[in-house]
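J.: Dropping in entry11.txt, with compact mmCIF, C-alpha atoms.
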# COMPACT_ATOMS: atom_id res chain seq x y z
CA MET A 18 18.07 -19.08 4.86
CA THR A 19 20.37 -18.87 1.84
CA THR A 20 19.28 -15.37 0.83
CA ALA A 21 21.80 -12.75 1.94
CA THR A 22 19.97 -10.06 3.85
CA PRO A 23 19.77 -7.15 4.43
CA LEU A 24 19.18 -6.79 0.71
CA LEU A 25 19.16 -3.57 -1.31
CA LEU A 26 16.25 -3.85 -3.74
CA GLY A 27 15.97 -2.27 -7.16
CA PRO A 28 12.72 -1.17 -8.82
CA ASN A 29 10.00 -3.79 -9.42
CA GLN A 30 7.41 -1.95 -11.51
CA PRO A 31 4.75 -4.00 -13.29
CA LEU A 32 4.15 -2.79 -16.84
CA ASP A 33 0.88 -1.69 -18.41
CA ARG A 34 -1.08 -0.84 -15.29
CA PRO A 35 -4.45 0.80 -16.02
CA TYR A 36 -3.44 4.35 -15.13
CA ARG A 37 -0.50 6.63 -15.89
CA GLY A 38 2.30 7.31 -13.44
CA GLY A 39 5.81 6.53 -12.33
CA ALA A 40 7.76 9.75 -12.86
CA GLY A 41 7.78 10.50 -9.13
CA ILE A 42 9.22 7.05 -8.41
CA ALA A 43 11.97 7.66 -10.98
CA ARG A 44 12.82 11.01 -9.35
CA PHE A 45 12.81 9.51 -5.87
CA ARG A 46 14.92 6.49 -6.78
CA GLY A 47 17.10 8.17 -9.40
CA THR A 48 16.22 5.45 -11.91
CA PRO A 49 14.60 5.50 -15.37
CA GLN A 50 10.82 5.36 -15.73
CA PRO A 51 10.09 2.10 -17.61
CA SER A 52 6.95 3.47 -19.33
CA PRO A 53 4.17 6.02 -18.77
CA PHE A 54 2.07 3.21 -17.25
CA THR A 55 4.32 2.07 -14.38
CA PRO A 56 2.81 3.96 -11.43
CA GLU A 57 3.63 1.32 -8.79
CA ASP A 58 6.84 -0.22 -7.46
CA PHE A 59 6.21 -3.46 -5.52
CA VAL A 60 8.91 -3.52 -2.83
CA ALA A 61 9.95 -6.83 -1.20
CA SER A 62 6.75 -8.26 -2.61
CA THR A 63 5.33 -11.74 -2.06
CA THR A 64 2.11 -10.53 -3.74
CA GLU A 65 1.21 -10.77 -7.40
CA VAL A 66 -1.37 -8.65 -9.18
CA PHE A 67 -4.94 -9.95 -9.25
CA ALA A 68 -4.53 -11.22 -12.82
CA GLY A 69 -1.71 -13.50 -11.62
CA GLY A 70 1.14 -14.73 -13.74
CA GLY A 71 3.74 -13.84 -11.11
CA VAL A 72 3.54 -10.13 -11.98
CA GLY A 73 4.50 -8.05 -8.95
CA LEU A 74 6.59 -10.70 -7.19
CA THR A 75 10.08 -9.66 -6.09
CA VAL A 76 12.79 -11.81 -7.67
CA LEU A 77 15.94 -12.29 -5.59
CA PRO A 78 19.51 -12.30 -6.94
CA ASP A 79 19.57 -16.12 -6.83
CA GLY A 80 16.57 -16.26 -9.20
CA ARG A 81 13.98 -17.33 -6.63
CA THR A 82 10.98 -15.23 -5.80
CA LEU A 83 10.88 -13.74 -2.33
CA ARG A 84 7.61 -15.63 -1.85
CA ASP A 85 9.35 -18.96 -2.44
CA ALA A 86 12.29 -18.01 -0.23
CA VAL A 87 10.02 -17.06 2.67
CA ALA A 88 8.04 -20.29 2.25
CA ALA A 89 11.28 -22.31 2.38
CA ASP A 90 12.52 -20.71 5.63
CA PRO A 91 9.75 -18.66 7.24
CA VAL A 92 11.26 -18.49 10.72
CA ALA A 93 14.49 -16.96 9.45
CA PHE A 94 12.61 -14.27 7.55
CA LEU A 95 9.73 -13.66 9.93
CA GLY A 96 10.59 -15.01 13.38
CA GLU A 97 8.93 -17.75 15.43
CA GLU A 98 6.19 -15.57 16.94
CA HIS A 99 5.07 -14.26 13.56
CA VAL A 100 5.03 -17.75 12.03
CA ALA A 101 3.08 -19.15 14.99
CA ARG A 102 0.39 -16.53 14.45
CA TYR A 103 0.32 -15.99 10.69
CA GLY A 104 2.17 -18.90 9.14
CA ALA A 105 4.62 -18.27 6.30
CA ARG A 106 2.81 -15.14 5.08
CA THR A 107 4.67 -11.84 5.45
CA MET A 108 1.32 -10.06 6.05
CA LEU A 109 2.72 -6.95 4.35
CA LEU A 110 3.02 -5.38 0.93
CA VAL A 111 4.93 -2.13 0.50
CA LYS A 112 4.70 -0.04 -2.65
CA LEU A 113 6.05 3.19 -3.98
CA LEU A 114 3.36 4.97 -5.98
CA TYR A 115 3.20 8.04 -8.20
CA THR A 116 0.04 9.34 -9.84
CA ALA A 117 0.26 11.18 -13.16
CA GLU A 118 -3.55 11.24 -13.25
CA ARG A 119 -6.31 10.81 -10.72
CA LEU A 120 -6.81 7.20 -9.75
CA PHE A 121 -10.12 5.43 -10.30
CA VAL A 122 -12.77 5.85 -7.62
CA HIS A 123 -12.57 2.46 -5.93
CA TYR A 124 -12.62 0.59 -2.66
CA HIS A 125 -10.90 -2.46 -1.19
CA PRO A 126 -12.86 -5.31 0.41
CA ASP A 127 -12.30 -6.24 4.05
CA ASP A 128 -11.21 -9.68 5.25
CA ALA A 129 -14.74 -11.03 5.71
CA PHE A 130 -15.90 -9.93 2.23
CA ALA A 131 -12.71 -11.27 0.62
CA ALA A 132 -13.13 -14.65 2.30
CA ARG A 133 -16.82 -14.87 1.42
CA HIS A 134 -16.66 -13.76 -2.21
CA LEU A 135 -13.05 -13.74 -3.46
CA ASN A 136 -11.46 -16.88 -2.01
CA SER A 137 -8.93 -14.78 -0.12
CA ALA A 138 -8.20 -14.89 3.60
CA LEU A 139 -7.17 -11.22 3.49
CA GLY A 140 -8.80 -8.06 2.28
CA LYS A 141 -6.92 -4.83 1.78
CA THR A 142 -6.62 -2.11 4.35
CA GLU A 143 -3.87 0.30 3.30
CA ALA A 144 -2.08 3.44 4.46
CA TRP A 145 -0.07 6.19 2.80
CA ALA A 146 2.99 8.21 3.75
CA VAL A 147 3.40 11.07 1.29
CA ILE A 148 6.94 11.73 0.03
CA GLU A 149 6.19 14.53 -2.46
CA ALA A 150 3.04 16.25 -3.66
CA ASP A 151 2.29 18.99 -6.14
CA THR A 152 0.82 22.19 -4.78
CA GLY A 153 -2.90 21.70 -4.23
CA ALA A 154 -2.69 17.89 -4.41
CA SER A 155 -5.49 15.94 -2.75
CA ALA A 156 -7.25 12.63 -2.39
CA PHE A 157 -10.88 11.67 -1.88
CA LEU A 158 -11.91 9.41 0.99
CA GLY A 159 -15.29 8.12 2.12
CA PHE A 160 -18.66 9.79 1.67
CA ARG A 161 -19.67 13.12 3.17
CA ARG A 162 -23.35 12.11 3.08
CA PRO A 163 -25.18 8.79 3.13
CA VAL A 164 -25.21 7.05 -0.24
CA SER A 165 -27.85 4.50 -1.23
CA THR A 166 -27.33 1.32 -3.20
CA ASP A 167 -29.54 2.74 -5.96
CA GLU A 168 -27.37 5.84 -6.20
CA VAL A 169 -24.22 3.76 -6.52
CA ARG A 170 -25.96 1.76 -9.25
CA ARG A 171 -26.77 4.97 -11.13
CA TRP A 172 -23.17 6.10 -10.82
CA TRP A 173 -22.02 2.78 -12.21
CA ASP A 174 -24.51 2.67 -15.06
CA GLY A 175 -23.66 6.21 -16.14
CA GLN A 176 -20.00 6.03 -15.09
CA ASP A 177 -20.63 9.41 -13.46
CA ALA A 178 -17.25 10.10 -11.85
CA ASP A 179 -18.14 13.73 -11.15
CA ALA A 180 -21.12 12.64 -9.04
CA MET A 181 -18.98 10.09 -7.21
CA LEU A 182 -16.35 12.68 -6.33
CA ASP A 183 -18.97 15.26 -5.35
CA ALA A 184 -20.30 12.83 -2.72
CA MET A 185 -16.83 12.20 -1.26
CA ASN A 186 -14.61 14.00 1.25
CA ALA A 187 -11.71 15.90 -0.30
CA VAL A 188 -8.47 15.45 1.68
CA PRO A 189 -5.48 17.73 0.94
CA LEU A 190 -2.11 15.98 0.69
CA ALA A 191 1.38 17.40 1.20
CA ALA A 192 4.82 15.93 1.81
CA GLY A 193 4.95 14.37 5.27
CA ASP A 194 1.22 13.67 5.49
CA THR A 195 -0.06 10.23 6.39
CA LEU A 196 -3.47 8.62 5.95
CA LEU A 197 -4.90 5.24 6.94
CA VAL A 198 -7.47 3.94 4.44
CA PRO A 199 -9.62 1.22 6.03
CA ALA A 200 -11.11 -1.46 3.80
CA GLY A 201 -14.58 -0.55 2.53
CA LEU A 202 -14.00 3.21 2.14
CA ALA A 203 -14.25 4.62 -1.38
CA HIS A 204 -11.16 6.59 -2.29
CA ALA A 205 -9.12 8.07 -5.12
CA ILE A 206 -5.70 9.74 -5.12
CA GLY A 207 -5.35 12.86 -7.23
CA PRO A 208 -2.47 13.51 -9.65
CA GLY A 209 1.00 14.63 -8.65
CA VAL A 210 1.47 12.53 -5.49
CA THR A 211 4.44 10.29 -4.65
CA LEU A 212 3.95 8.09 -1.61
CA VAL A 213 4.94 5.00 0.30
CA GLU A 214 1.97 2.66 0.59
CA LEU A 215 1.64 -0.10 3.17
CA GLN A 216 -1.15 -2.61 2.68
CA GLN A 217 -2.37 -6.07 3.38
CA PRO A 218 -0.70 -8.32 0.80
CA THR A 219 -3.46 -8.60 -1.79
CA ASP A 220 -4.35 -6.86 -5.06
CA LEU A 221 -8.11 -6.59 -4.46
CA SER A 222 -9.70 -3.39 -5.78
CA VAL A 223 -13.37 -2.94 -6.71
CA LEU A 224 -13.54 -0.09 -9.22
CA LEU A 225 -16.70 2.01 -9.19
CA GLU A 226 -15.16 4.05 -11.99
CA ARG A 227 -13.94 1.60 -14.60
CA ARG A 228 -12.85 3.81 -17.52
CA MET A 229 -11.56 1.47 -20.23
CA LEU A 230 -11.78 -1.72 -18.16
CA SER A 231 -14.43 -4.37 -18.59
CA GLU A 232 -17.13 -4.82 -15.96
CA HIS A 233 -15.63 -8.20 -15.10
CA ASP A 234 -12.19 -6.76 -14.43
CA ALA A 235 -13.44 -3.67 -12.59
CA LEU A 236 -15.61 -5.72 -10.22
CA LEU A 237 -13.16 -8.62 -9.69
CA GLY A 238 -15.56 -10.94 -11.48
CA LEU A 239 -18.41 -10.13 -9.08
CA ASP A 240 -21.90 -9.02 -10.02
CA LEU A 241 -22.68 -5.38 -9.22
CA ARG A 242 -25.04 -6.18 -6.34
CA THR A 243 -22.41 -8.25 -4.57
CA ALA A 244 -19.65 -5.72 -5.28
CA ILE A 245 -21.66 -2.86 -3.77
CA ASP A 246 -22.26 -4.84 -0.57
CA GLY A 247 -18.62 -4.40 0.43
CA LEU A 248 -18.70 -0.61 0.09
CA THR A 249 -19.09 1.59 3.18
CA ARG A 250 -22.01 3.82 2.16
CA GLU A 251 -22.47 5.60 5.49
CA VAL A 252 -21.02 9.04 6.20
CA THR A 253 -17.32 9.21 7.01
CA PRO A 254 -17.29 12.39 9.14
CA GLU A 255 -14.48 14.93 9.22
CA GLU A 256 -13.57 13.83 12.74
CA ARG A 257 -12.98 10.28 11.52
CA ILE A 258 -10.79 11.48 8.68
CA ALA A 259 -8.80 13.61 11.11
CA ASP A 260 -8.20 10.50 13.23
CA LEU A 261 -7.07 8.53 10.18
CA ARG A 262 -4.49 11.25 9.42
CA GLN A 263 -2.90 11.14 12.87
CA GLY A 264 0.18 9.23 13.91
CA ARG A 265 1.22 8.54 17.49
CA GLY A 266 4.20 10.21 19.07
CA ALA A 267 7.25 11.36 17.19
CA GLU A 268 7.79 8.24 15.09
CA THR A 269 4.67 6.03 14.76
CA LEU A 270 3.07 7.07 11.49
CA PHE A 271 -0.46 5.67 11.73
CA PRO A 272 -3.26 5.55 14.33
CA GLY A 273 -3.98 2.47 16.44
CA ASP A 274 -6.54 1.23 13.89
CA ALA A 275 -3.58 0.25 11.68
CA ASP A 276 -1.99 -2.07 14.24
CA PRO A 277 -3.86 -5.28 13.24
CA PHE A 278 -2.62 -4.80 9.68
CA PHE A 279 0.88 -3.25 9.67
CA SER A 280 3.05 -0.63 11.32
CA ALA A 281 5.46 2.06 10.20
CA GLU A 282 7.98 4.29 11.92
CA ARG A 283 9.63 7.42 10.59
CA ILE A 284 13.17 7.31 11.91
CA HIS A 285 15.78 10.08 11.93
CA VAL A 286 19.38 9.02 12.38
CA SER A 287 22.13 11.47 13.21
CA GLY A 288 25.14 9.41 14.23
CA SER A 289 24.04 5.83 14.84
CA ARG A 290 21.02 3.87 15.97
CA GLU A 291 20.17 0.22 16.52
CA LEU A 292 16.88 -1.22 15.21
CA GLU A 293 15.34 -4.36 16.67
CA PRO A 294 15.33 -7.56 14.60
CA GLY A 295 12.43 -8.24 12.29
CA PHE A 296 11.12 -8.63 8.77
CA SER A 297 10.82 -5.10 7.41
CA VAL A 298 11.16 -2.81 4.43
CA LEU A 299 13.23 0.33 4.86
CA VAL A 300 12.53 3.27 2.55
CA VAL A 301 15.16 6.01 2.73
CA LEU A 302 13.62 9.47 2.37
CA GLY A 303 16.84 11.47 2.40
CA GLY A 304 20.41 11.75 3.57
CA GLU A 305 23.23 9.24 3.45
CA GLY A 306 24.38 6.44 5.68
CA THR A 307 25.04 2.74 6.10
CA LEU A 308 23.06 -0.20 7.40
CA GLU A 309 25.07 -2.95 9.11
CA THR A 310 24.44 -6.24 10.91
CA LYS A 311 26.53 -8.05 13.49
CA GLY A 312 27.16 -10.68 10.83
CA GLY A 313 29.15 -8.12 8.88
CA ALA A 314 26.69 -7.24 6.12
CA ALA A 315 26.81 -3.58 5.09
CA VAL A 316 24.38 -1.78 2.79
CA PRO A 317 24.88 1.84 1.61
CA LEU A 318 21.81 4.04 2.12
CA GLY A 319 20.71 7.12 0.21
CA ARG A 320 17.50 8.78 -0.92
CA GLY A 321 15.26 6.35 -2.75
CA ALA A 322 16.94 3.20 -1.45
CA THR A 323 14.68 0.32 -0.38
CA VAL A 324 16.09 -2.45 1.82
CA LEU A 325 14.66 -5.80 2.92
CA THR A 326 15.62 -6.99 6.41
CA ALA A 327 14.89 -10.40 7.91
CA PHE A 328 14.43 -11.53 11.51
CA ALA A 329 17.56 -13.66 11.28
CA ASP A 330 19.68 -10.58 10.58
CA GLY A 331 19.43 -9.75 14.27
CA PRO A 332 19.70 -6.14 15.45
CA ILE A 333 20.26 -3.68 12.61
CA GLY A 334 22.70 -0.81 12.98
CA VAL A 335 22.04 2.36 10.99
CA SER A 336 24.65 5.11 10.89
CA GLY A 337 24.95 8.44 9.12
CA ASP A 338 22.61 11.37 8.76
CA LEU A 339 19.37 10.28 7.17
CA ASP A 340 15.60 9.91 7.40
CA LEU A 341 13.82 6.66 6.66
CA ILE A 342 10.54 4.85 7.05
CA ARG A 343 10.59 1.33 8.46
CA CYS A 344 7.55 -0.68 7.30
CA ARG A 345 6.65 -3.80 9.28
CA PRO A 346 3.95 -6.47 9.52
CA PRO A 347 1.43 -6.40 12.36
CA ARG A 348 3.08 -7.00 15.74
Let me see the file written as structure tokens.
T.:
Amino acid sequence: MTTATPLLLGPNQPLDRPYRGGAGIARFRGTPQPSPFTPEDFVASTTEVFAGGGVGLTVLPDGRTLRDAVAADPVAFLGEEHVARYGARTMLLVKLLYTAERLFVHYHPDDAFAARHLNSALGKTEAWAVIEADTGASAFLGFRRPVSTDEVRRWWDGQDADAMLDAMNAVPLAAGDTLLVPAGLAHAIGPGVTLVELQQPTDLSVLLERRMLSEHDALLGLDLRTAIDGLTREVTPEERIADLRQGRGAETLFPGDADPFFSAERIHVSGSRELEPGFSVLVVLGGEGTLETKGGAAVPLGRGATVLTAFADGPIGVSGDLDLIRCRPPR
């Protein structure tokens, strides 16, 4: 592996996304906002946007994409056990996201739907860890009553976003909250939310609310009947949403349902702490400190920093007084 890791990563914000945002990322990182339409920062990304063209891929200091570097030496980045199970895929995409307006009502297909209809081995289950949120911020997740195919068709034909939202569960969001969003569940994040998003490494979103987008783009090239088949139209009860909002113990951010897809720990360091080897993305929430390896690499850490670690780095030492989230692939 010729890439020097751990590696401090700068912003990687695709331009001209279909909704406004990005100011919260700029505040968090202490960097300029590239444009009003840069709501996402793809961190340590081997995933490009659905339209392709390499947009979204992380480019390393040596000019290679991270995707190419991992493909060239997967064991060094990912470890033998990971490669034996998943091949040279990282199985993880991490984003920073800030919403200046409510996101489209949409859902992500699961693995089976993606394989059957979209020529992708992976769908897109995701999860959120909220960094900042305006007072009264919220999201919408799943339906609070059964929804028929005909009703979804009427929503689509009339682009009736109010009716869509009225049928969904409102979920308040505040700093420190977490939420697992399984594939198939309709959802939309309201304005004024900055979060860390972990997801399966695809850019597959079926938009029920398409706004200015074409039907082809909103439905990933699918016909409406096929697109609706991947949507969970049954009730998502309050008890289920409560479970999706729960972590485990002091540090594990998401419920057990997340384990086949990814994992995340919220780690507080006061003094020093050693982290086990592994491919991961560290997102520093606050404080100051240093990350070091036994090979002598040292990376300064402060609020808004994002760091890529590789399995070959060995145990990672973190010192200082800081809070961070460590995002990792499925175990």
J.: For a cutoff of 12 Å around the file-coordinate point (-25.9, -7.0, -1.8), which residues qualify once you count all atoms listed in the file? I'd like the result as a PDB file with C-alpha atoms, keeping the file's coordinate frame.
T.:
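See point01.pdb below for the written result:
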ATOM      1  CA  PHE A 130     -15.900  -9.930   2.230  1.00  0.00           C
ATOM      2  CA  HIS A 134     -16.660 -13.760  -2.210  1.00  0.00           C
ATOM      3  CA  SER A 165     -27.850   4.500  -1.230  1.00  0.00           C
ATOM      4  CA  THR A 166     -27.330   1.320  -3.200  1.00  0.00           C
ATOM      5  CA  ASP A 167     -29.540   2.740  -5.960  1.00  0.00           C
ATOM      6  CA  VAL A 169     -24.220   3.760  -6.520  1.00  0.00           C
ATOM      7  CA  ARG A 170     -25.960   1.760  -9.250  1.00  0.00           C
ATOM      8  CA  LEU A 239     -18.410 -10.130  -9.080  1.00  0.00           C
ATOM      9  CA  ASP A 240     -21.900  -9.020 -10.020  1.00  0.00           C
ATOM     10  CA  LEU A 241     -22.680  -5.380  -9.220  1.00  0.00           C
ATOM     11  CA  ARG A 242     -25.040  -6.180  -6.340  1.00  0.00           C
ATOM     12  CA  THR A 243     -22.410  -8.250  -4.570  1.00  0.00           C
ATOM     13  CA  ALA A 244     -19.650  -5.720  -5.280  1.00  0.00           C
ATOM     14  CA  ILE A 245     -21.660  -2.860  -3.770  1.00  0.00           C
ATOM     15  CA  ASP A 246     -22.260  -4.840  -0.570  1.00  0.00           C
ATOM     16  CA  GLY A 247     -18.620  -4.400   0.430  1.00  0.00           C
ATOM     17  CA  LEU A 248     -18.700  -0.610   0.090  1.00  0.00           C
TER      18      LEU A 248
END
J.: Would you kindly return, as a VMD selection string, each protein, DNA or RNA residue with an atom no farther than 6 Å from any atom of segment 295-298 of chain A, considering all atoms listed in the file and excluding same-chain residues fewer than 3 positions away?
T.: chain A and resid 94 to 95 324 to 328 343 to 345
J.: Just want the 8 Å neighbourhood of segment 264-277 of chain A, counted on all atoms listed in the file, with same-chain residues fewer than 2 positions away dropped. Output as a compact mmCIF listing (two decimals) with C-alpha atoms, in the coordinates of the input.
T.:
# COMPACT_ATOMS: atom_id res chain seq x y z
CA ALA A 144 -2.08 3.44 4.46
CA ALA A 146 2.99 8.21 3.75
CA THR A 195 -0.06 10.23 6.39
CA LEU A 196 -3.47 8.62 5.95
CA LEU A 197 -4.90 5.24 6.94
CA ASP A 260 -8.20 10.50 13.23
CA LEU A 261 -7.07 8.53 10.18
CA ARG A 262 -4.49 11.25 9.42
CA PHE A 279 0.88 -3.25 9.67
CA SER A 280 3.05 -0.63 11.32
CA ALA A 281 5.46 2.06 10.20
CA GLU A 282 7.98 4.29 11.92
CA ARG A 283 9.63 7.42 10.59
CA ILE A 284 13.17 7.31 11.91
CA PRO A 347 1.43 -6.40 12.36
CA ARG A 348 3.08 -7.00 15.74
J.: Would you work out the distance separating atom CA of Ile206 of chain A from atom CA of Trp145 of chain A, expressed in Å to one decimal?
T.: 10.3 Å
J.: Given all atoms listed in the file as the basis, pick out the residue of A:Thr142, A:Asn136, A:Thr55, A:Thr253 nearest to Glu214 of chain A.
T.: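 Between A:Thr142, A:Asn136, A:Thr55, A:Thr253, the residue approaching Glu214 of chain A most closely is A:Thr142.
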J.: Using all atoms listed in the file, what residues lie at most 6 Å away from (1.7, -7.6, 8.2) (file coordinates), given as a PyMOL selection string?
T.: chain A and resi 107-109+278-279+346-347
J.: Please provide as a JSON list (two decimals) with C-alpha atoms, in the frame of the given file all residues within 8 Å of Val286 of chain A, with the sequence filter that same-chain residues fewer than 6 positions apart are discarded (counting all atoms listed in the file).
T.:
[["chain", "number", "residue", "atom", "x", "y", "z"],
["A", 335, "VAL", "CA", 22.04, 2.36, 10.99],
["A", 336, "SER", "CA", 24.65, 5.11, 10.89],
["A", 337, "GLY", "CA", 24.95, 8.44, 9.12],
["A", 338, "ASP", "CA", 22.61, 11.37, 8.76],
["A", 339, "LEU", "CA", 19.37, 10.28, 7.17],
["A", 340, "ASP", "CA", 15.60, 9.91, 7.40]]
J.: Give me the residues within 12 Å of Asp85 of chain A as a ChimeraX atom specification, counting all atoms listed in the file and dropping any in the same chain fewer than 5 places off.
T.: /A:18-20,62-64,71,74-77,79-80,90-91,94,105-107
J.: Calculated over all atoms listed in the file, which of the candidates A:Leu110, A:Ala259, A:Met185, A:Ala40 has the smallest distance to Glu65 of chain A?
T.: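 Smallest distance to Glu65 of chain A is found for A:Leu110.
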J.: Hey, which of A:Leu83, A:Met181, A:Val122, A:Ile333 ends up closest to Gly207 of chain A? Count all atoms listed in the file.
T.: A:Val122
J.: What's the 12 Å shell around Val72 of chain A, counting only C-alpha atoms, without same-chain residues fewer than 5 positions away, as a PDB file with C-alpha atoms, in the frame of the given file?
T.:
ATOM      1  CA  ASN A  29      10.000  -3.790  -9.420  1.00  0.00           C
ATOM      2  CA  GLN A  30       7.410  -1.950 -11.510  1.00  0.00           C
ATOM      3  CA  PRO A  31       4.750  -4.000 -13.290  1.00  0.00           C
ATOM      4  CA  LEU A  32       4.150  -2.790 -16.840  1.00  0.00           C
ATOM      5  CA  ASP A  33       0.880  -1.690 -18.410  1.00  0.00           C
ATOM      6  CA  ARG A  34      -1.080  -0.840 -15.290  1.00  0.00           C
ATOM      7  CA  GLU A  57       3.630   1.320  -8.790  1.00  0.00           C
ATOM      8  CA  ASP A  58       6.840  -0.220  -7.460  1.00  0.00           C
ATOM      9  CA  PHE A  59       6.210  -3.460  -5.520  1.00  0.00           C
ATOM     10  CA  SER A  62       6.750  -8.260  -2.610  1.00  0.00           C
ATOM     11  CA  THR A  63       5.330 -11.740  -2.060  1.00  0.00           C
ATOM     12  CA  THR A  64       2.110 -10.530  -3.740  1.00  0.00           C
ATOM     13  CA  GLU A  65       1.210 -10.770  -7.400  1.00  0.00           C
ATOM     14  CA  VAL A  66      -1.370  -8.650  -9.180  1.00  0.00           C
ATOM     15  CA  PHE A  67      -4.940  -9.950  -9.250  1.00  0.00           C
ATOM     16  CA  THR A  82      10.980 -15.230  -5.800  1.00  0.00           C
ATOM     17  CA  ASP A 220      -4.350  -6.860  -5.060  1.00  0.00           C
TER      18      ASP A 220
END
J.: Pick out the closest residue to Ala322 of chain A from this set: A:Leu308, A:Ile42, A:Ala138, A:Leu299. Count only C-alpha atoms.
T.: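 Ranking A:Leu308, A:Ile42, A:Ala138, A:Leu299 by distance to Ala322 of chain A, first place goes to A:Leu299.
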J.: Between A:Val252, A:Ala192, A:Val223, A:Ala88, which has the minimum distance to Arg162 of chain A (counting all atoms listed in the file)?
T.: A:Val252
J.: Calculate how many Å separate atom CA of Trp173 of chain A from atom CA of Pro208 of chain A, rounding to one decimal.
T.: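 Computing it gives 22.4 Å between the two atoms.
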J.: Do you have the atom CA of Gly73 of chain A-atom CA of Ala314 of chain A distance handy?
T.: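 Between atom CA of Gly73 of chain A and atom CA of Ala314 of chain A the gap is 26.8 Å.
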J.: From the options A:His99, A:His123, A:Arg37, A:Lys112, which residue's atoms come nearest to Leu215 of chain A, counting only C-alpha atoms?
T.: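 Residue with the minimum atom-to-atom distance to Leu215 of chain A: A:Lys112.
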J.: Taking N, CA, C and O atoms as the atom set, what does segment 295-307 of chain A look like once completed, written as a short mmCIF file (atom, residue, chain, number, x, y, z; two decimals), in the coordinates of the input?
T.:
data_model
loop_
_atom_site.label_atom_id
_atom_site.label_comp_id
_atom_site.auth_asym_id
_atom_site.auth_seq_id
_atom_site.Cartn_x
_atom_site.Cartn_y
_atom_site.Cartn_z
N GLY A 295 13.75 -8.01 12.82
CA GLY A 295 12.43 -8.24 12.29
C GLY A 295 12.39 -8.13 10.78
O GLY A 295 13.23 -7.47 10.16
N PHE A 296 11.40 -8.81 10.19
CA PHE A 296 11.12 -8.63 8.77
C PHE A 296 10.63 -7.20 8.58
O PHE A 296 9.70 -6.74 9.25
N SER A 297 11.25 -6.47 7.65
CA SER A 297 10.82 -5.10 7.41
C SER A 297 11.31 -4.62 6.06
O SER A 297 12.18 -5.24 5.43
N VAL A 298 10.72 -3.52 5.63
CA VAL A 298 11.16 -2.81 4.43
C VAL A 298 11.54 -1.40 4.85
O VAL A 298 10.72 -0.68 5.44
N LEU A 299 12.76 -1.02 4.58
CA LEU A 299 13.23 0.33 4.86
C LEU A 299 13.16 1.15 3.58
O LEU A 299 13.64 0.70 2.54
N VAL A 300 12.59 2.34 3.68
CA VAL A 300 12.53 3.27 2.55
C VAL A 300 13.25 4.54 2.99
O VAL A 300 12.81 5.20 3.94
N VAL A 301 14.34 4.86 2.32
CA VAL A 301 15.16 6.01 2.73
C VAL A 301 14.62 7.27 2.06
O VAL A 301 14.59 7.37 0.83
N LEU A 302 14.20 8.23 2.87
CA LEU A 302 13.62 9.47 2.37
C LEU A 302 14.66 10.51 2.01
O LEU A 302 14.43 11.34 1.13
N GLY A 303 15.81 10.49 2.69
CA GLY A 303 16.84 11.47 2.40
C GLY A 303 18.06 11.25 3.26
O GLY A 303 18.03 10.52 4.26
N GLY A 304 19.16 11.87 2.84
CA GLY A 304 20.41 11.75 3.57
C GLY A 304 21.25 10.59 3.06
O GLY A 304 20.95 9.96 2.05
N GLU A 305 22.33 10.32 3.80
CA GLU A 305 23.23 9.24 3.45
C GLU A 305 23.67 8.52 4.70
O GLU A 305 23.78 9.11 5.78
N GLY A 306 23.94 7.23 4.54
CA GLY A 306 24.38 6.44 5.68
C GLY A 306 24.64 5.01 5.28
O GLY A 306 24.73 4.67 4.10
N THR A 307 24.74 4.16 6.31
CA THR A 307 25.04 2.74 6.10
C THR A 307 24.20 1.91 7.04
O THR A 307 23.96 2.31 8.20
#
